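*Asks:* Provided herewith is a single structure, encoded as C-alpha cells, for subsequent inquiry.
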Amino acid sequence: MMRWILWLALQGLIANGALAQSSNQASGPAKPACSEAEFRQLDFWVGDWDLWYDQGPDKPRGKASNRITKNEFGNCVITEHFSMPGFSGSSFSIFHKPVGKWRQTWVDDQGGYYDLIGGPAPKGAGYDFALELVHPEGVKAPYLRMIWQVQDEDHLTWRWQSHKSDAKDWRDNWVLHYVRKGSQ
C-alpha cells in the first residue's frame, strides 16, 4: 500500500512539472534575470576610471584607479575594483527587488566592511545616486553615505560624506574626481 501511495505521489509531481513546463513554453521564453530597468540605474558607473583627489594645501593630487565591471554575474551585479597606493578594495552592488533599493557590500585590505543601501536621488537633490550605511540593530555607527554626481558619460564626482546623529547636514570626508580612461 505504501509503495502505491509513493508511486501516485511521484506521478503527481511529474505531471505538475510537465504542466508547468508546457504553460511556460506556451507563454514564450522566460525573461532574462535582471532585465528590468532598475538594474540599469547604476550603469553610468561601469567602466575603467582614473581618479584624482586633493590631499590638502601644498600637497600633490592623490591618484587612484577604479575598474567597474558588469556581466561577471549574469548582468545582475556591478563589481568594483578600487586601487590606490597603500589601499585597495572591492564592492558588489545589486538592485534588491524585494526592498526596491540598491544594496552594496564593500570590503578592503585594511579590514574595512560596509553594508550600504539606497538608489537614485530625488529630483533637486544635487546628486544623481546615493548609498547610505546600514546601521545594524545595537551597533552605534557613524552616519555615512556615498553620492555620485554625474557631469557627463566620461566625468563624475564621488563623495564620501558623514554627519553627526544630531545634525542633518552632510559634509565631505573624501571627494574623488572620476575621468573615464581614454577621455580627456
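Letters for chains follow the order of the C-alpha cells (A, B, ...), residue numbers begin at 1 for each chain, and ligand numbers begin at 1 in the order shown.
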For region 45-52 of chain A, list every protein, DNA or RNA residue within 8 Å, evaluated using only C-alpha atoms, and leave out those in the same chain fewer than 4 positions away; present the list as a ChimeraX atom specification.
*Replies:* /A:61-70,78,176-181
*Asks:* For the residues selected in the previous step, produce a file with N, CA and C atoms as an mmCIF file, in the first residue's frame.
*Replies:*
```cif
data_model
loop_
_atom_site.group_PDB
_atom_site.id
_atom_site.type_symbol
_atom_site.label_atom_id
_atom_site.label_comp_id
_atom_site.auth_asym_id
_atom_site.auth_seq_id
_atom_site.Cartn_x
_atom_site.Cartn_y
_atom_site.Cartn_z
ATOM 1 N N ARG A 61 48.225 66.099 -5.954
ATOM 2 C CA ARG A 61 46.964 65.382 -6.079
ATOM 3 C C ARG A 61 47.181 63.909 -5.788
ATOM 4 N N GLY A 62 46.251 63.319 -5.075
ATOM 5 C CA GLY A 62 46.279 61.875 -4.898
ATOM 6 C C GLY A 62 45.690 61.215 -6.136
ATOM 7 N N LYS A 63 46.187 60.042 -6.457
ATOM 8 C CA LYS A 63 45.704 59.335 -7.644
ATOM 9 C C LYS A 63 45.259 57.932 -7.276
ATOM 10 N N ALA A 64 44.248 57.460 -7.989
ATOM 11 C CA ALA A 64 43.721 56.114 -7.785
ATOM 12 C C ALA A 64 43.148 55.632 -9.106
ATOM 13 N N SER A 65 42.733 54.377 -9.132
ATOM 14 C CA SER A 65 42.038 53.853 -10.309
ATOM 15 C C SER A 65 40.878 52.990 -9.819
ATOM 16 N N ASN A 66 39.871 52.894 -10.660
ATOM 17 C CA ASN A 66 38.708 52.102 -10.316
ATOM 18 C C ASN A 66 38.199 51.420 -11.574
ATOM 19 N N ARG A 67 38.067 50.111 -11.486
ATOM 20 C CA ARG A 67 37.524 49.324 -12.599
ATOM 21 C C ARG A 67 36.165 48.806 -12.164
ATOM 22 N N ILE A 68 35.133 49.259 -12.842
ATOM 23 C CA ILE A 68 33.760 48.888 -12.513
ATOM 24 C C ILE A 68 33.257 47.987 -13.638
ATOM 25 N N THR A 69 32.905 46.748 -13.293
ATOM 26 C CA THR A 69 32.514 45.782 -14.308
ATOM 27 C C THR A 69 31.087 45.297 -14.090
ATOM 28 N N LYS A 70 30.572 44.682 -15.132
ATOM 29 C CA LYS A 70 29.252 44.082 -15.094
ATOM 30 C C LYS A 70 29.339 42.780 -15.885
ATOM 31 N N ILE A 78 27.039 44.717 -10.251
ATOM 32 C CA ILE A 78 28.109 45.637 -10.623
ATOM 33 C C ILE A 78 29.238 45.421 -9.620
ATOM 34 N N LEU A 176 36.353 62.177 -4.734
ATOM 35 C CA LEU A 176 37.099 61.585 -5.846
ATOM 36 C C LEU A 176 36.522 62.098 -7.155
ATOM 37 N N HIS A 177 37.396 62.555 -8.034
ATOM 38 C CA HIS A 177 37.002 63.027 -9.361
ATOM 39 C C HIS A 177 37.342 61.925 -10.360
ATOM 40 N N TYR A 178 36.320 61.411 -11.017
ATOM 41 C CA TYR A 178 36.455 60.315 -11.974
ATOM 42 C C TYR A 178 36.591 60.857 -13.390
ATOM 43 N N VAL A 179 37.555 60.319 -14.138
ATOM 44 C CA VAL A 179 37.703 60.592 -15.571
ATOM 45 C C VAL A 179 37.836 59.231 -16.245
ATOM 46 N N ARG A 180 36.934 58.963 -17.182
ATOM 47 C CA ARG A 180 36.974 57.668 -17.871
ATOM 48 C C ARG A 180 38.294 57.534 -18.617
ATOM 49 N N LYS A 181 38.959 56.385 -18.470
ATOM 50 C CA LYS A 181 40.236 56.168 -19.176
ATOM 51 C C LYS A 181 40.030 56.328 -20.664
#
```
*Asks:* One decimal, Å: what's the distance from CA of Arg145 (chain A) over to CA of Trp170 (chain A), could you say?
*Replies:*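 It comes out at 8.7 Å.
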*Asks:* Between CA of Lys164 (chain A) and CA of His81 (chain A), what is the distance, to one decimal in Å?
*Replies:*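 Between CA of Lys164 (chain A) and CA of His81 (chain A) the gap is 29.3 Å.
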*Asks:* What does the distance between CA of Thr157 (chain A) and CA of Phe82 (chain A) come to in Å, to one decimal place?
*Replies:*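 Going from CA of Thr157 (chain A) over to CA of Phe82 (chain A) covers 15.0 Å.
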*Asks:* Find the residue from A:Glu80, A:Gly182, A:Val150, A:Gly28 that sits nearest to Val107 (chain A); use only C-alpha atoms when measuring.
*Replies:*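 With only C-alpha atoms as the atom set, the closest residue is A:Glu80.
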*Asks:* For Lys101 (chain A), which residue out of A:Pro57, A:Gln41, A:Glu72, A:Tyr127 is the nearest one, using only C-alpha atoms?
*Replies:*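 Among the listed residues, the smallest separation from Lys101 (chain A) belongs to A:Gln41.
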*Asks:* Give me every strand (DSSP E) residue in chain A, going by DSSP on the backbone, as a ChimeraX atom specification.
*Replies:* /A:47-53,62-69,78-84,87-96,101-108,113-120,129-133,143-152,155-163,171-180
*Asks:* For C-alpha atoms, I'd like the residues from the last selection saved as an mmCIF file, in the first residue's frame.
*Replies:*
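Output (again22.cif):
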```cif
data_model
loop_
_atom_site.group_PDB
_atom_site.id
_atom_site.type_symbol
_atom_site.label_atom_id
_atom_site.label_comp_id
_atom_site.auth_asym_id
_atom_site.auth_seq_id
_atom_site.Cartn_x
_atom_site.Cartn_y
_atom_site.Cartn_z
ATOM 1 C CA GLY A 47 33.974 51.364 -16.951
ATOM 2 C CA ASP A 48 37.677 51.918 -16.337
ATOM 3 C CA TRP A 49 38.396 55.162 -14.496
ATOM 4 C CA ASP A 50 41.352 57.322 -13.491
ATOM 5 C CA LEU A 51 40.667 59.157 -10.234
ATOM 6 C CA TRP A 52 42.221 62.132 -8.534
ATOM 7 C CA TYR A 53 41.595 63.854 -5.205
ATOM 8 C CA GLY A 62 46.279 61.875 -4.898
ATOM 9 C CA LYS A 63 45.704 59.335 -7.644
ATOM 10 C CA ALA A 64 43.721 56.114 -7.785
ATOM 11 C CA SER A 65 42.038 53.853 -10.309
ATOM 12 C CA ASN A 66 38.708 52.102 -10.316
ATOM 13 C CA ARG A 67 37.524 49.324 -12.599
ATOM 14 C CA ILE A 68 33.760 48.888 -12.513
ATOM 15 C CA THR A 69 32.514 45.782 -14.308
ATOM 16 C CA ILE A 78 28.109 45.637 -10.623
ATOM 17 C CA THR A 79 31.599 44.826 -9.315
ATOM 18 C CA GLU A 80 34.113 47.462 -8.229
ATOM 19 C CA HIS A 81 37.914 47.046 -8.084
ATOM 20 C CA PHE A 82 39.430 50.154 -6.423
ATOM 21 C CA SER A 83 43.181 50.693 -6.077
ATOM 22 C CA MET A 84 45.486 53.438 -4.834
ATOM 23 C CA PHE A 87 44.910 50.785 -0.187
ATOM 24 C CA SER A 88 42.620 48.592 -2.286
ATOM 25 C CA GLY A 89 39.107 47.257 -2.021
ATOM 26 C CA SER A 90 36.133 45.848 -3.876
ATOM 27 C CA SER A 91 32.391 46.150 -3.784
ATOM 28 C CA PHE A 92 29.402 44.274 -5.135
ATOM 29 C CA SER A 93 26.243 46.248 -5.933
ATOM 30 C CA ILE A 94 22.845 44.897 -6.956
ATOM 31 C CA PHE A 95 19.282 46.138 -7.194
ATOM 32 C CA HIS A 96 17.445 44.169 -4.489
ATOM 33 C CA LYS A 101 16.581 49.555 -3.414
ATOM 34 C CA TRP A 102 20.210 49.089 -4.333
ATOM 35 C CA ARG A 103 22.493 47.220 -1.913
ATOM 36 C CA GLN A 104 26.285 47.377 -1.843
ATOM 37 C CA THR A 105 28.813 45.392 0.143
ATOM 38 C CA TRP A 106 32.320 46.873 0.373
ATOM 39 C CA VAL A 107 35.463 45.141 1.694
ATOM 40 C CA ASP A 108 39.091 46.271 1.649
ATOM 41 C CA TYR A 113 33.486 46.393 5.669
ATOM 42 C CA TYR A 114 30.428 48.466 4.768
ATOM 43 C CA ASP A 115 26.850 47.465 4.071
ATOM 44 C CA LEU A 116 25.038 50.228 2.172
ATOM 45 C CA ILE A 117 21.557 50.792 0.757
ATOM 46 C CA GLY A 118 19.988 53.426 -1.477
ATOM 47 C CA GLY A 119 19.398 54.322 -5.088
ATOM 48 C CA PRO A 120 18.655 57.190 -7.464
ATOM 49 C CA PHE A 129 22.693 58.409 -6.858
ATOM 50 C CA ALA A 130 23.372 57.685 -3.168
ATOM 51 C CA LEU A 131 24.044 54.727 -0.900
ATOM 52 C CA GLU A 132 23.893 55.144 2.874
ATOM 53 C CA LEU A 133 25.465 52.998 5.584
ATOM 54 C CA TYR A 143 26.151 58.320 9.586
ATOM 55 C CA LEU A 144 27.967 57.756 6.316
ATOM 56 C CA ARG A 145 26.972 57.809 2.679
ATOM 57 C CA MET A 146 28.438 57.976 -0.786
ATOM 58 C CA ILE A 147 26.942 60.060 -3.555
ATOM 59 C CA TRP A 148 27.612 60.227 -7.284
ATOM 60 C CA GLN A 149 27.307 63.444 -9.271
ATOM 61 C CA VAL A 150 27.408 62.732 -12.999
ATOM 62 C CA GLN A 151 28.789 65.522 -15.197
ATOM 63 C CA ASP A 152 28.715 63.536 -18.456
ATOM 64 C CA HIS A 155 33.281 62.529 -15.847
ATOM 65 C CA LEU A 156 31.692 62.173 -12.443
ATOM 66 C CA THR A 157 32.344 63.154 -8.858
ATOM 67 C CA TRP A 158 32.023 60.675 -5.993
ATOM 68 C CA ARG A 159 31.729 61.946 -2.428
ATOM 69 C CA TRP A 160 32.120 60.030 0.847
ATOM 70 C CA GLN A 161 30.149 62.052 3.370
ATOM 71 C CA SER A 162 29.198 61.979 7.049
ATOM 72 C CA HIS A 163 27.080 63.763 9.617
ATOM 73 C CA ARG A 171 29.946 67.094 4.984
ATOM 74 C CA ASP A 172 32.535 65.766 2.585
ATOM 75 C CA ASN A 173 35.199 63.464 4.019
ATOM 76 C CA TRP A 174 36.708 62.462 0.682
ATOM 77 C CA VAL A 175 35.966 63.646 -2.854
ATOM 78 C CA LEU A 176 37.099 61.585 -5.846
ATOM 79 C CA HIS A 177 37.002 63.027 -9.361
ATOM 80 C CA TYR A 178 36.455 60.315 -11.974
ATOM 81 C CA VAL A 179 37.703 60.592 -15.571
ATOM 82 C CA ARG A 180 36.974 57.668 -17.871
#
```
*Asks:* If you run DSSP on the backbone, which residues of region 1-164 of chain A are helix (DSSP H, G or I), as a PyMOL selection string?
*Replies:* chain A and resi 2-26+37-40+43-45
*Asks:* Write a file of the just-selected residues containing N, CA and C atoms, as a compact mmCIF listing (two decimals), in the first residue's frame.
*Replies:*
```
# COMPACT_ATOMS: atom_id res chain seq x y z
N MET A 2 1.93 1.27 0.85
CA MET A 2 2.80 2.44 0.93
C MET A 2 3.49 2.69 -0.40
N ARG A 3 3.92 1.64 -1.08
CA ARG A 3 4.55 1.80 -2.40
C ARG A 3 3.57 2.44 -3.37
N TRP A 4 2.34 2.01 -3.33
CA TRP A 4 1.32 2.54 -4.23
C TRP A 4 1.11 4.04 -3.99
N ILE A 5 1.06 4.47 -2.74
CA ILE A 5 0.88 5.89 -2.40
C ILE A 5 2.09 6.69 -2.88
N LEU A 6 3.30 6.19 -2.64
CA LEU A 6 4.51 6.87 -3.12
C LEU A 6 4.52 6.97 -4.64
N TRP A 7 4.12 5.89 -5.31
CA TRP A 7 4.09 5.91 -6.77
C TRP A 7 3.11 6.96 -7.27
N LEU A 8 1.93 7.07 -6.67
CA LEU A 8 0.93 8.07 -7.06
C LEU A 8 1.45 9.49 -6.81
N ALA A 9 2.10 9.68 -5.68
CA ALA A 9 2.64 11.00 -5.36
C ALA A 9 3.71 11.39 -6.38
N LEU A 10 4.58 10.47 -6.74
CA LEU A 10 5.60 10.72 -7.73
C LEU A 10 5.00 11.06 -9.08
N GLN A 11 3.97 10.34 -9.48
CA GLN A 11 3.30 10.61 -10.75
C GLN A 11 2.68 12.00 -10.74
N GLY A 12 2.13 12.42 -9.61
CA GLY A 12 1.55 13.75 -9.49
C GLY A 12 2.60 14.84 -9.64
N LEU A 13 3.76 14.64 -9.02
CA LEU A 13 4.85 15.60 -9.15
C LEU A 13 5.33 15.70 -10.59
N ILE A 14 5.47 14.57 -11.24
CA ILE A 14 5.91 14.56 -12.64
C ILE A 14 4.88 15.28 -13.51
N ALA A 15 3.60 15.00 -13.30
CA ALA A 15 2.55 15.64 -14.09
C ALA A 15 2.52 17.14 -13.84
N ASN A 16 2.67 17.58 -12.58
CA ASN A 16 2.67 19.02 -12.29
C ASN A 16 3.85 19.70 -12.94
N GLY A 17 5.02 19.08 -12.93
CA GLY A 17 6.19 19.64 -13.58
C GLY A 17 5.99 19.75 -15.08
N ALA A 18 5.40 18.75 -15.69
CA ALA A 18 5.14 18.78 -17.12
C ALA A 18 4.14 19.87 -17.46
N LEU A 19 3.11 20.03 -16.63
CA LEU A 19 2.12 21.09 -16.86
C LEU A 19 2.76 22.47 -16.73
N ALA A 20 3.57 22.64 -15.71
CA ALA A 20 4.24 23.92 -15.52
C ALA A 20 5.16 24.23 -16.69
N GLN A 21 5.89 23.23 -17.15
CA GLN A 21 6.81 23.43 -18.27
C GLN A 21 6.04 23.78 -19.53
N SER A 22 4.92 23.08 -19.81
CA SER A 22 4.17 23.36 -21.02
C SER A 22 3.51 24.72 -20.95
N SER A 23 3.08 25.19 -19.77
CA SER A 23 2.47 26.52 -19.67
C SER A 23 3.53 27.59 -19.84
N ASN A 24 4.77 27.35 -19.37
CA ASN A 24 5.85 28.30 -19.58
C ASN A 24 6.19 28.40 -21.06
N GLN A 25 6.20 27.27 -21.75
CA GLN A 25 6.51 27.28 -23.18
C GLN A 25 5.42 27.99 -23.95
N ALA A 26 4.18 27.84 -23.53
CA ALA A 26 3.06 28.48 -24.22
C ALA A 26 3.13 29.99 -24.08
N ALA A 37 14.45 47.69 -15.84
CA ALA A 37 15.13 48.99 -15.92
C ALA A 37 15.88 49.34 -14.64
N GLU A 38 15.39 48.93 -13.48
CA GLU A 38 16.05 49.25 -12.22
C GLU A 38 17.48 48.74 -12.17
N PHE A 39 17.74 47.63 -12.84
CA PHE A 39 19.09 47.06 -12.85
C PHE A 39 20.06 47.87 -13.71
N ARG A 40 19.59 48.87 -14.44
CA ARG A 40 20.44 49.73 -15.27
C ARG A 40 20.75 51.06 -14.59
N ASP A 43 24.43 51.90 -14.13
CA ASP A 43 25.31 51.61 -15.27
C ASP A 43 26.24 52.76 -15.64
N PHE A 44 25.89 54.00 -15.28
CA PHE A 44 26.76 55.13 -15.60
C PHE A 44 28.14 54.97 -14.97
N TRP A 45 28.25 54.16 -13.94
CA TRP A 45 29.50 53.97 -13.20
C TRP A 45 30.39 52.91 -13.83
```
